[in-house]
>>> print(open('query10.tsv').read())   # TSV, C-alpha atoms
chain	number	residue	atom	x	y	z
A	1	MET	CA	18.34	83.10	48.39
A	2	LYS	CA	16.35	82.61	51.55
A	3	LEU	CA	14.06	85.45	50.55
A	4	ARG	CA	13.58	83.94	47.12
A	5	THR	CA	12.48	80.66	48.69
A	6	TRP	CA	9.87	82.42	50.81
A	7	MET	CA	8.63	84.38	47.84
A	8	THR	CA	8.30	81.20	45.81
A	9	TRP	CA	6.19	79.64	48.55
A	10	ALA	CA	4.06	82.78	48.66
A	11	ALA	CA	3.56	82.65	44.89
A	12	ILE	CA	2.45	79.01	45.04
A	13	ILE	CA	-0.04	79.76	47.81
A	14	LEU	CA	-1.40	82.84	46.04
A	15	LEU	CA	-1.78	80.94	42.76
A	16	THR	CA	-3.82	78.34	44.61
A	17	VAL	CA	-5.90	80.60	46.83
A	18	LEU	CA	-6.66	83.60	44.62
A	19	PRO	CA	-8.89	81.66	42.19
A	20	LEU	CA	-11.26	81.01	45.10
A	21	TRP	CA	-12.22	84.69	44.94
A	22	PHE	CA	-11.60	85.65	41.36
A	23	ALA	CA	-12.80	82.70	39.34
A	24	SER	CA	-16.24	82.89	37.82
A	25	ALA	CA	-18.47	79.88	37.42
A	26	PRO	CA	-17.59	77.74	34.40
A	27	PRO	CA	-19.96	78.15	31.45
A	28	ALA	CA	-22.79	75.65	31.26
A	29	GLU	CA	-22.80	73.18	28.40
A	30	PRO	CA	-25.84	73.71	26.15
A	31	GLY	CA	-28.52	71.29	27.24
A	32	ALA	CA	-26.73	70.32	30.42
A	33	GLU	CA	-27.12	71.61	33.92
A	34	ALA	CA	-24.68	74.27	35.05
A	35	PRO	CA	-21.45	72.76	36.35
A	36	THR	CA	-20.78	73.13	40.04
A	37	MET	CA	-18.29	75.76	41.12
A	38	PHE	CA	-14.84	74.17	41.50
A	39	GLY	CA	-15.97	70.79	40.35
A	40	GLY	CA	-13.37	68.57	38.72
A	41	ALA	CA	-12.18	69.38	35.20
A	42	ASP	CA	-12.51	65.65	34.53
A	43	GLU	CA	-16.24	65.79	35.19
A	44	ARG	CA	-16.60	68.86	32.98
A	45	ALA	CA	-14.86	67.00	30.18
A	46	GLN	CA	-17.28	64.15	30.73
A	47	GLN	CA	-20.19	66.59	30.34
A	48	ALA	CA	-18.59	68.02	27.22
A	49	ILE	CA	-18.46	64.53	25.72
A	50	GLY	CA	-22.18	64.33	26.40
A	51	THR	CA	-22.82	67.42	24.26
A	52	VAL	CA	-20.39	66.54	21.45
A	53	ALA	CA	-21.52	62.92	21.21
A	54	PRO	CA	-24.94	62.68	22.89
A	55	ASP	CA	-25.36	59.07	21.79
A	56	TYR	CA	-22.16	57.85	23.38
A	57	ALA	CA	-22.63	55.50	26.29
A	58	PRO	CA	-19.66	54.42	28.41
A	59	TRP	CA	-19.09	50.75	27.79
A	60	PHE	CA	-17.28	49.88	31.00
A	61	ALA	CA	-17.95	50.80	34.61
A	62	PRO	CA	-15.38	51.06	37.40
A	63	LEU	CA	-14.92	47.75	39.21
A	64	PHE	CA	-14.90	49.47	42.57
A	65	GLU	CA	-16.21	52.87	43.48
A	66	PRO	CA	-15.70	54.68	46.79
A	67	ALA	CA	-18.98	54.37	48.67
A	68	SER	CA	-19.30	58.16	49.08
A	69	GLY	CA	-17.53	61.44	48.56
A	70	GLU	CA	-16.20	61.14	52.09
A	71	ILE	CA	-14.64	57.76	51.41
A	72	ALA	CA	-13.15	59.11	48.19
A	73	SER	CA	-11.57	62.04	50.00
A	74	LEU	CA	-10.26	59.60	52.61
A	75	LEU	CA	-8.50	57.63	49.89
A	76	PHE	CA	-7.13	60.77	48.26
A	77	ALA	CA	-5.86	61.97	51.64
A	78	LEU	CA	-4.25	58.57	52.14
A	79	GLN	CA	-2.53	58.84	48.77
A	80	ALA	CA	-1.19	62.31	49.59
A	81	ALA	CA	-0.14	61.26	53.11
A	82	LEU	CA	1.76	58.31	51.71
A	83	GLY	CA	3.67	60.54	49.32
A	84	ALA	CA	4.30	63.29	51.86
A	85	GLY	CA	5.44	60.75	54.45
A	86	VAL	CA	8.10	59.27	52.19
A	87	ILE	CA	9.32	62.73	51.15
A	88	GLY	CA	9.41	63.95	54.75
A	89	PHE	CA	11.34	60.89	55.92
A	90	TRP	CA	13.91	61.30	53.20
A	91	LEU	CA	14.24	65.07	53.66
A	92	GLY	CA	14.72	64.68	57.40
A	93	MET	CA	17.30	61.98	56.86
A	94	SER	CA	19.16	64.16	54.33
A	95	VAL	CA	19.24	67.15	56.65
A	96	ALA	CA	20.46	65.07	59.58
A	97	ARG	CA	23.12	63.37	57.49
A	98	GLU	CA	24.33	66.68	56.09
A	99	ARG	CA	24.54	68.12	59.59
A	100	ALA	CA	26.43	65.11	60.88
A	101	ARG	CA	28.83	65.35	57.97
A	102	ARG	CA	29.44	69.05	58.56
A	103	GLU	CA	30.02	68.52	62.26
A	104	SER	CA	32.46	65.70	61.74
A	105	THR	CA	34.61	66.98	58.86
A	106	PRO	CA	35.90	70.43	59.94
A	107	SER	CA	36.50	69.29	63.50
A	108	SER	CA	39.96	67.91	63.11
A	109	ALA	CA	40.18	68.10	66.86
A	110	PRO	CA	40.88	64.57	68.06
A	111	SER	CA	38.70	65.04	71.12
A	112	GLU	CA	35.56	64.91	68.91
A	113	SER	CA	34.09	61.56	69.77
A	114	HIS	CA	30.61	61.56	68.21
A	115	ALA	CA	31.83	61.52	64.63
A	116	ASP	CA	29.51	59.80	62.19
B	1	MET	CA	-6.43	64.68	32.90
B	2	HIS	CA	-8.09	61.43	33.86
B	3	ILE	CA	-10.31	60.17	31.12
B	4	MET	CA	-13.10	58.41	32.98
B	5	GLU	CA	-13.68	54.68	32.84
B	6	GLY	CA	-15.43	53.65	29.64
B	7	PHE	CA	-15.23	57.11	28.10
B	8	LEU	CA	-13.01	56.15	25.19
B	9	PRO	CA	-14.39	53.95	22.38
B	10	PRO	CA	-12.84	50.46	22.46
B	11	ALA	CA	-10.65	51.07	19.40
B	12	HIS	CA	-9.15	54.20	20.95
B	13	ALA	CA	-8.71	52.54	24.34
B	14	LEU	CA	-6.89	49.66	22.72
B	15	GLY	CA	-4.80	51.91	20.50
B	16	TRP	CA	-3.55	54.06	23.38
B	17	ALA	CA	-2.78	50.97	25.43
B	18	ALA	CA	-0.73	49.62	22.53
B	19	ALA	CA	1.06	52.97	22.25
B	20	SER	CA	1.91	53.06	25.95
B	21	LEU	CA	3.02	49.47	26.33
B	22	PRO	CA	6.46	49.75	24.68
B	23	PHE	CA	7.23	52.83	26.78
B	24	LEU	CA	6.24	50.95	29.91
B	25	ALA	CA	8.44	47.99	29.01
B	26	PHE	CA	11.37	50.25	28.17
B	27	GLY	CA	10.79	52.24	31.37
B	28	LEU	CA	10.87	49.10	33.54
B	29	HIS	CA	14.05	48.00	31.83
B	30	SER	CA	15.56	51.45	32.36
B	31	VAL	CA	14.68	51.52	36.07
B	32	LYS	CA	16.08	48.05	36.57
B	33	ARG	CA	19.34	48.93	34.86
B	34	SER	CA	19.65	52.19	36.77
B	35	LEU	CA	19.12	50.51	40.13
B	36	GLN	CA	21.56	47.73	39.30
B	37	ALA	CA	24.24	50.28	38.50
B	38	HIS	CA	23.36	52.53	41.46
B	39	PRO	CA	21.56	50.59	44.22
B	40	GLU	CA	21.92	53.63	46.48
B	41	ARG	CA	19.43	55.47	44.30
B	42	ARG	CA	16.55	53.23	45.33
B	43	MET	CA	15.55	55.67	48.05
B	44	LEU	CA	15.64	58.57	45.63
B	45	LEU	CA	13.42	56.73	43.16
B	46	GLY	CA	10.98	56.21	46.01
B	47	VAL	CA	11.01	59.94	46.62
B	48	ALA	CA	10.32	60.67	42.95
B	49	ALA	CA	7.38	58.26	43.07
B	50	ALA	CA	6.17	59.79	46.33
B	51	PHE	CA	6.25	63.24	44.75
B	52	ALA	CA	4.01	62.04	41.90
B	53	PHE	CA	1.70	60.32	44.43
B	54	LEU	CA	1.42	63.46	46.52
B	55	LEU	CA	0.94	65.99	43.74
B	56	SER	CA	-1.54	63.98	41.70
B	57	ALA	CA	-3.76	63.63	44.78
B	58	LEU	CA	-4.05	67.40	45.24
B	59	LYS	CA	-6.96	68.88	43.36
B	60	LEU	CA	-6.43	72.61	43.28
B	61	PRO	CA	-8.89	75.35	42.38
B	62	SER	CA	-8.14	77.26	39.22
B	63	VAL	CA	-9.16	80.46	37.44
B	64	THR	CA	-11.71	78.69	35.26
B	65	GLY	CA	-13.82	77.74	38.27
B	66	SER	CA	-12.82	74.09	37.98
B	67	CYS	CA	-10.40	72.02	39.96
B	68	SER	CA	-7.52	70.04	38.55
B	69	HIS	CA	-4.34	68.50	39.85
B	70	PRO	CA	-0.62	68.69	39.06
B	71	THR	CA	1.08	65.48	37.92
B	72	GLY	CA	4.43	65.55	39.72
B	73	VAL	CA	6.17	63.40	37.12
B	74	GLY	CA	8.45	66.13	35.78
B	75	PHE	CA	10.54	66.06	38.96
B	76	GLY	CA	11.36	62.37	38.62
B	77	ALA	CA	12.05	62.74	34.91
B	78	LEU	CA	14.76	65.26	35.72
B	79	LEU	CA	16.32	62.92	38.29
B	80	PHE	CA	16.14	59.59	36.51
B	81	GLY	CA	15.36	60.39	32.91
B	82	PRO	CA	11.89	60.30	31.37
B	83	ALA	CA	11.66	56.54	30.78
B	84	ALA	CA	11.93	55.80	34.50
B	85	MET	CA	8.78	57.79	35.19
B	86	VAL	CA	6.58	55.65	32.92
B	87	PRO	CA	6.26	52.79	35.44
B	88	VAL	CA	5.92	55.29	38.29
B	89	GLY	CA	3.07	57.14	36.57
B	90	PHE	CA	1.54	53.78	35.66
B	91	VAL	CA	1.41	52.75	39.33
B	92	VAL	CA	-0.15	56.08	40.36
B	93	LEU	CA	-2.80	55.84	37.65
B	94	LEU	CA	-3.52	52.18	38.40
B	95	PHE	CA	-3.99	52.99	42.09
B	96	GLN	CA	-6.42	55.77	41.23
B	97	ALA	CA	-8.29	53.66	38.68
B	98	LEU	CA	-8.72	50.68	40.99
B	99	LEU	CA	-9.36	52.31	44.36
B	100	LEU	CA	-10.68	55.77	43.58
B	101	ALA	CA	-12.72	55.19	40.40
B	102	HIS	CA	-10.65	58.09	39.10
B	103	GLY	CA	-9.65	57.34	35.55
B	104	GLY	CA	-10.18	53.73	34.63
B	105	LEU	CA	-8.81	50.43	33.41
B	106	THR	CA	-10.10	50.86	29.86
B	107	THR	CA	-8.67	54.38	29.69
B	108	LEU	CA	-5.46	53.48	31.52
B	109	GLY	CA	-3.48	53.31	28.28
B	110	ALA	CA	-4.55	56.80	27.22
B	111	ASN	CA	-3.97	58.24	30.68
B	112	VAL	CA	-0.55	56.61	30.96
B	113	PHE	CA	0.35	58.04	27.57
B	114	SER	CA	-0.52	61.62	28.56
B	115	MET	CA	0.71	61.67	32.17
B	116	ALA	CA	3.49	59.07	32.28
B	117	VAL	CA	4.90	59.24	28.73
B	118	VAL	CA	4.37	62.70	27.22
B	119	GLY	CA	4.66	64.61	30.51
B	120	PRO	CA	8.07	63.23	31.54
B	121	PHE	CA	9.52	63.29	28.01
B	122	VAL	CA	8.46	66.90	27.44
B	123	ALA	CA	9.80	67.89	30.86
B	124	TYR	CA	13.13	66.23	30.16
B	125	GLY	CA	13.39	67.70	26.65
B	126	VAL	CA	12.55	71.20	27.84
B	127	PHE	CA	15.11	70.88	30.62
B	128	ARG	CA	17.86	69.83	28.22
B	129	ALA	CA	16.95	72.58	25.77
B	130	ALA	CA	16.79	75.30	28.44
B	131	ALA	CA	20.02	74.15	30.03
B	132	GLY	CA	21.66	73.98	26.63
B	133	LEU	CA	20.65	77.58	25.99
B	134	GLY	CA	22.42	78.58	29.18
B	135	ALA	CA	19.45	78.97	31.51
B	136	SER	CA	20.19	78.66	35.22
B	137	ARG	CA	19.16	75.43	36.91
B	138	SER	CA	16.15	77.03	38.59
B	139	VAL	CA	14.81	78.44	35.33
B	140	ALA	CA	15.38	75.17	33.47
B	141	VAL	CA	13.69	73.12	36.21
B	142	PHE	CA	10.74	75.52	36.35
B	143	LEU	CA	10.16	75.45	32.60
B	144	ALA	CA	10.54	71.68	32.48
B	145	ALA	CA	8.05	70.86	35.24
B	146	CYS	CA	5.60	73.55	34.16
B	147	LEU	CA	5.53	72.68	30.44
B	148	GLY	CA	5.59	68.94	31.12
B	149	ASP	CA	2.48	69.34	33.25
B	150	LEU	CA	0.74	71.43	30.58
B	151	ALA	CA	1.72	69.00	27.82
B	152	THR	CA	-0.08	66.19	29.66
B	153	TYR	CA	-3.32	68.12	29.60
B	154	VAL	CA	-2.93	69.13	25.96
B	155	VAL	CA	-2.51	65.45	25.09
B	156	THR	CA	-5.64	64.55	27.05
B	157	SER	CA	-7.51	67.20	25.06
B	158	ILE	CA	-6.17	65.75	21.80
B	159	GLN	CA	-7.17	62.23	22.86
B	160	LEU	CA	-10.72	63.30	23.64
B	161	ALA	CA	-11.06	65.47	20.53
B	162	TRP	CA	-9.84	62.57	18.40
B	163	ALA	CA	-12.35	60.18	19.93
B	164	PHE	CA	-15.19	62.71	19.93
B	165	PRO	CA	-14.84	65.11	16.99
B	166	ASP	CA	-17.43	67.86	16.82
B	167	ALA	CA	-20.31	67.15	14.44
B	168	VAL	CA	-19.76	70.47	12.65
B	169	GLY	CA	-16.26	71.67	13.40
B	170	GLY	CA	-14.60	68.24	13.51
B	171	PHE	CA	-11.42	67.61	15.45
B	172	GLY	CA	-10.41	71.29	15.65
B	173	ALA	CA	-13.61	72.55	17.24
B	174	SER	CA	-13.69	69.63	19.63
B	175	PHE	CA	-10.04	70.17	20.60
B	176	ILE	CA	-10.70	73.83	21.38
B	177	LYS	CA	-13.57	72.74	23.61
B	178	PHE	CA	-11.56	70.19	25.58
B	179	ALA	CA	-8.45	72.35	25.71
B	180	GLY	CA	-10.64	75.14	27.08
B	181	ILE	CA	-11.60	72.83	29.92
B	182	PHE	CA	-8.26	71.16	30.61
B	183	GLY	CA	-5.63	73.52	29.25
B	184	LEU	CA	-6.83	76.83	30.71
B	185	THR	CA	-7.60	75.27	34.07
B	186	GLN	CA	-4.12	73.84	34.14
B	187	VAL	CA	-2.14	77.04	33.49
B	188	PRO	CA	-1.89	78.35	37.10
B	189	ILE	CA	-1.57	74.79	38.43
B	190	ALA	CA	1.30	74.07	36.04
B	191	ILE	CA	3.04	77.25	37.19
B	192	SER	CA	2.62	76.11	40.80
B	193	GLU	CA	4.05	72.71	39.98
B	194	GLY	CA	7.02	74.38	38.28
B	195	LEU	CA	7.73	76.57	41.30
B	196	LEU	CA	7.33	73.71	43.76
B	197	THR	CA	9.68	71.51	41.74
B	198	VAL	CA	12.30	74.29	41.81
B	199	LEU	CA	12.00	74.44	45.61
B	200	VAL	CA	12.41	70.68	45.94
B	201	VAL	CA	15.38	70.52	43.58
B	202	ASN	CA	17.07	73.41	45.40
B	203	ALA	CA	16.52	71.71	48.75
B	204	MET	CA	18.00	68.51	47.32
B	205	ALA	CA	20.99	70.32	45.92
B	206	ARG	CA	21.64	71.75	49.34
B	207	PHE	CA	21.37	68.60	51.38
B	208	ASN	CA	22.17	65.79	48.97
B	209	ALA	CA	24.66	67.28	46.60
B	210	HIS	CA	26.90	64.24	46.54
B	211	GLU	CA	24.03	61.83	45.94
B	212	LEU	CA	22.82	63.88	43.01
B	213	ARG	CA	26.09	64.56	41.27
B	214	ALA	CA	25.59	62.12	38.42
B	215	LEU	CA	21.89	62.81	37.87
B	216	PRO	CA	20.74	64.74	34.79
B	217	VAL	CA	19.27	67.60	36.80
B	218	MET	CA	22.62	68.53	38.26
B	219	MET	CA	24.34	68.68	34.89
B	220	ALA	CA	22.83	72.02	33.95
B	221	GLY	CA	23.57	75.50	35.10
B	222	ARG	CA	26.43	74.31	37.24
B	223	LYS	CA	28.34	77.48	36.52
B	224	ASN	CA	25.57	79.78	37.67
B	225	ALA	CA	23.59	77.59	40.03
>>> encode(input="query10.tsv", output="structure tokens")
Amino acid sequence: MKLRTWMTWAAIILLTVLPLWFASAPPAEPGAEAPTMFGGADERAQQAIGTVAPDYAPWFAPLFEPASGEIASLLFALQAALGAGVIGFWLGMSVARERARRESTPSSAPSESHAD
Amino acid sequence: MHIMEGFLPPAHALGWAAASLPFLAFGLHSVKRSLQAHPERRMLLGVAAAFAFLLSALKLPSVTGSCSHPTGVGFGALLFGPAAMVPVGFVVLLFQALLLAHGGLTTLGANVFSMAVVGPFVAYGVFRAAAGLGASRSVAVFLAACLGDLATYVVTSIQLAWAFPDAVGGFGASFIKFAGIFGLTQVPIAISEGLLTVLVVNAMARFNAHELRALPVMMAGRKNA
């Protein structure tokens, strides 16, 4: 069981890291500049729209755009940190509560004072 | 899977918003009812939302040479049912549309439909089917999260192909093009999301077994978990 957990983590990491070496550059859309390596799939789809419907012009612009790529990555990091923080808090609480429960239940010894 | 701001014609943008709205209303109702019946689950719902926040912020490299991100909504769908994840996905997508210029307000309806409606419902359906066929909990959770993630990206491809059919090949040719971008990129990422969801569910089962007893995810594979 423990081994399986470690192997699952290893598989996730390999699935994420291996493409960095083995992926080839995405094919360029005809008439468009070659897409950057490991750019977003969303941007590639946007380029593909440009080749399927060259006359299409977006009719609405974002109300607010991060001032630079750095600011955007700051906001993405903030989003991830928020999520990870909540999960970490809850996981820590669960582990502590489970431990407290295990320590308090089998010890029928009356001298146990820190039961909670 | 984010369709960029302004990149759906007005009729499509409106249509997808109209399609998503009833799910959103039903989802809000479902969350409210669930929390009224089980106020102690509020924390757990926060965790499900946090999981979607975390995973959808991670853009991972993939075999196609592009980056894409998991959605994280399958996990919550298994805990609270698919309807509950519609408002959660809506909040994530709204946050990204307003602050990150990732996705958009005009395409919010379409993006909600793919990530917050189809993803959770497919995940939940796959889980029930796999569990019904006697799969262990780990296998059922893996298939659910993995296929739910993939389904989201297939729907995005359908949405774009519908709005922008190929001049020669029509919808089919256009769908193959968009699915080649979104679907293939997503395959390893969806597998990762499936594996990660299994790890989280197993950790929960270990530490929070009593809290989870009545949740859908614990119903399956109890014999061989």
>>> atom_distance(input="query10.tsv", atom1="atom CA of A:Ala48", atom2="atom CA of A:Pro62")
20.0 Å
>>> atom_distance(input="query10.tsv", atom1="atom CA of A:Ala61", atom2="atom CA of B:Val91")
20.0 Å
>>> interface_residues(input="query10.tsv", of="chain B", to="chain A", cutoff="8 Å", atoms="all atoms listed in the file", output="ChimeraX atom specification")
/B:1-9,43,46-47,49-55,57-68,97-101,104-106,164-167,174,177-178,181-182,185,188-189,192,195-196,199,207-208
>>> write_last_selection(input="query10.tsv", atoms="C-alpha atoms", output="compact mmCIF listing (two decimals), keeping the file's coordinate frame")
# COMPACT_ATOMS: atom_id res chain seq x y z
CA MET B 1 -6.43 64.68 32.90
CA HIS B 2 -8.09 61.43 33.86
CA ILE B 3 -10.31 60.17 31.12
CA MET B 4 -13.10 58.41 32.98
CA GLU B 5 -13.68 54.68 32.84
CA GLY B 6 -15.43 53.65 29.64
CA PHE B 7 -15.23 57.11 28.10
CA LEU B 8 -13.01 56.15 25.19
CA PRO B 9 -14.39 53.95 22.38
CA MET B 43 15.55 55.67 48.05
CA GLY B 46 10.98 56.21 46.01
CA VAL B 47 11.01 59.94 46.62
CA ALA B 49 7.38 58.26 43.07
CA ALA B 50 6.17 59.79 46.33
CA PHE B 51 6.25 63.24 44.75
CA ALA B 52 4.01 62.04 41.90
CA PHE B 53 1.70 60.32 44.43
CA LEU B 54 1.42 63.46 46.52
CA LEU B 55 0.94 65.99 43.74
CA ALA B 57 -3.76 63.63 44.78
CA LEU B 58 -4.05 67.40 45.24
CA LYS B 59 -6.96 68.88 43.36
CA LEU B 60 -6.43 72.61 43.28
CA PRO B 61 -8.89 75.35 42.38
CA SER B 62 -8.14 77.26 39.22
CA VAL B 63 -9.16 80.46 37.44
CA THR B 64 -11.71 78.69 35.26
CA GLY B 65 -13.82 77.74 38.27
CA SER B 66 -12.82 74.09 37.98
CA CYS B 67 -10.40 72.02 39.96
CA SER B 68 -7.52 70.04 38.55
CA ALA B 97 -8.29 53.66 38.68
CA LEU B 98 -8.72 50.68 40.99
CA LEU B 99 -9.36 52.31 44.36
CA LEU B 100 -10.68 55.77 43.58
CA ALA B 101 -12.72 55.19 40.40
CA GLY B 104 -10.18 53.73 34.63
CA LEU B 105 -8.81 50.43 33.41
CA THR B 106 -10.10 50.86 29.86
CA PHE B 164 -15.19 62.71 19.93
CA PRO B 165 -14.84 65.11 16.99
CA ASP B 166 -17.43 67.86 16.82
CA ALA B 167 -20.31 67.15 14.44
CA SER B 174 -13.69 69.63 19.63
CA LYS B 177 -13.57 72.74 23.61
CA PHE B 178 -11.56 70.19 25.58
CA ILE B 181 -11.60 72.83 29.92
CA PHE B 182 -8.26 71.16 30.61
CA THR B 185 -7.60 75.27 34.07
CA PRO B 188 -1.89 78.35 37.10
CA ILE B 189 -1.57 74.79 38.43
CA SER B 192 2.62 76.11 40.80
CA LEU B 195 7.73 76.57 41.30
CA LEU B 196 7.33 73.71 43.76
CA LEU B 199 12.00 74.44 45.61
CA PHE B 207 21.37 68.60 51.38
CA ASN B 208 22.17 65.79 48.97
>>> atom_distance(input="query10.tsv", atom1="atom CA of B:Val187", atom2="atom CA of A:Met7")
19.4 Å
>>> residues_around(input="query10.tsv", residues="stretch 17-33 of chain B", least_positions_apart="6", cutoff="7 Å", atoms="all atoms listed in the file", output="list in words")
Ala83, Ala84, Val86, Pro87, Gly109, Ala110, Val112 and Phe113 of chain B
>>> write_last_selection(input="query10.tsv", atoms="C-alpha atoms", output="PDB file, in the coordinates of the input")
ATOM      1  CA  ALA B  83      11.660  56.540  30.780  1.00  0.00           C
ATOM      2  CA  ALA B  84      11.930  55.800  34.500  1.00  0.00           C
ATOM      3  CA  VAL B  86       6.580  55.650  32.920  1.00  0.00           C
ATOM      4  CA  PRO B  87       6.260  52.790  35.440  1.00  0.00           C
ATOM      5  CA  GLY B 109      -3.480  53.310  28.280  1.00  0.00           C
ATOM      6  CA  ALA B 110      -4.550  56.800  27.220  1.00  0.00           C
ATOM      7  CA  VAL B 112      -0.550  56.610  30.960  1.00  0.00           C
ATOM      8  CA  PHE B 113       0.350  58.040  27.570  1.00  0.00           C
TER       9      PHE B 113
END
>>> closest_residue(input="query10.tsv", among="B:Ile158, B:Val73, B:Ala205, B:Val118", to="B:Phe175", atoms="only C-alpha atoms")
B:Ile158
>>> closest_residue(input="query10.tsv", among="B:Gly125, B:Gly194, B:Pro39, B:Gly103", to="B:Leu143", atoms="all atoms listed in the file")
B:Gly194
>>> closest_residue(input="query10.tsv", among="B:Thr107, B:Ser114, B:Ser136, B:Thr197", to="B:Ala11", atoms="all atoms listed in the file")
B:Thr107
>>> build_atoms(input="query10.tsv", residues="stretch 34-49 of chain B", atoms="N, CA and C atoms", output="compact mmCIF listing (two decimals), in the coordinates of the input")
# COMPACT_ATOMS: atom_id res chain seq x y z
N SER B 34 19.15 51.08 35.95
CA SER B 34 19.65 52.19 36.77
C SER B 34 19.89 51.76 38.21
N LEU B 35 18.98 50.93 38.74
CA LEU B 35 19.12 50.51 40.13
C LEU B 35 20.21 49.47 40.30
N GLN B 36 20.45 48.68 39.23
CA GLN B 36 21.56 47.73 39.30
C GLN B 36 22.90 48.46 39.36
N ALA B 37 22.99 49.52 38.54
CA ALA B 37 24.24 50.28 38.50
C ALA B 37 24.41 51.12 39.76
N HIS B 38 23.29 51.64 40.29
CA HIS B 38 23.36 52.53 41.46
C HIS B 38 22.31 52.11 42.49
N PRO B 39 22.57 51.04 43.24
CA PRO B 39 21.56 50.59 44.22
C PRO B 39 21.23 51.67 45.24
N GLU B 40 22.16 52.60 45.47
CA GLU B 40 21.92 53.63 46.48
C GLU B 40 20.84 54.62 46.04
N ARG B 41 20.44 54.52 44.77
CA ARG B 41 19.43 55.47 44.30
C ARG B 41 18.01 54.98 44.54
N ARG B 42 17.89 53.79 45.14
CA ARG B 42 16.55 53.23 45.33
C ARG B 42 15.68 54.19 46.13
N MET B 43 16.28 54.74 47.19
CA MET B 43 15.55 55.67 48.05
C MET B 43 15.08 56.90 47.26
N LEU B 44 15.96 57.38 46.41
CA LEU B 44 15.64 58.57 45.63
C LEU B 44 14.51 58.30 44.64
N LEU B 45 14.51 57.09 44.07
CA LEU B 45 13.42 56.73 43.16
C LEU B 45 12.10 56.69 43.93
N GLY B 46 12.16 56.20 45.16
CA GLY B 46 10.98 56.21 46.01
C GLY B 46 10.47 57.62 46.25
N VAL B 47 11.40 58.55 46.41
CA VAL B 47 11.01 59.94 46.62
C VAL B 47 10.35 60.52 45.37
N ALA B 48 10.92 60.20 44.20
CA ALA B 48 10.32 60.67 42.95
C ALA B 48 8.91 60.13 42.80
N ALA B 49 8.71 58.85 43.14
CA ALA B 49 7.38 58.26 43.07
C ALA B 49 6.46 58.91 44.09
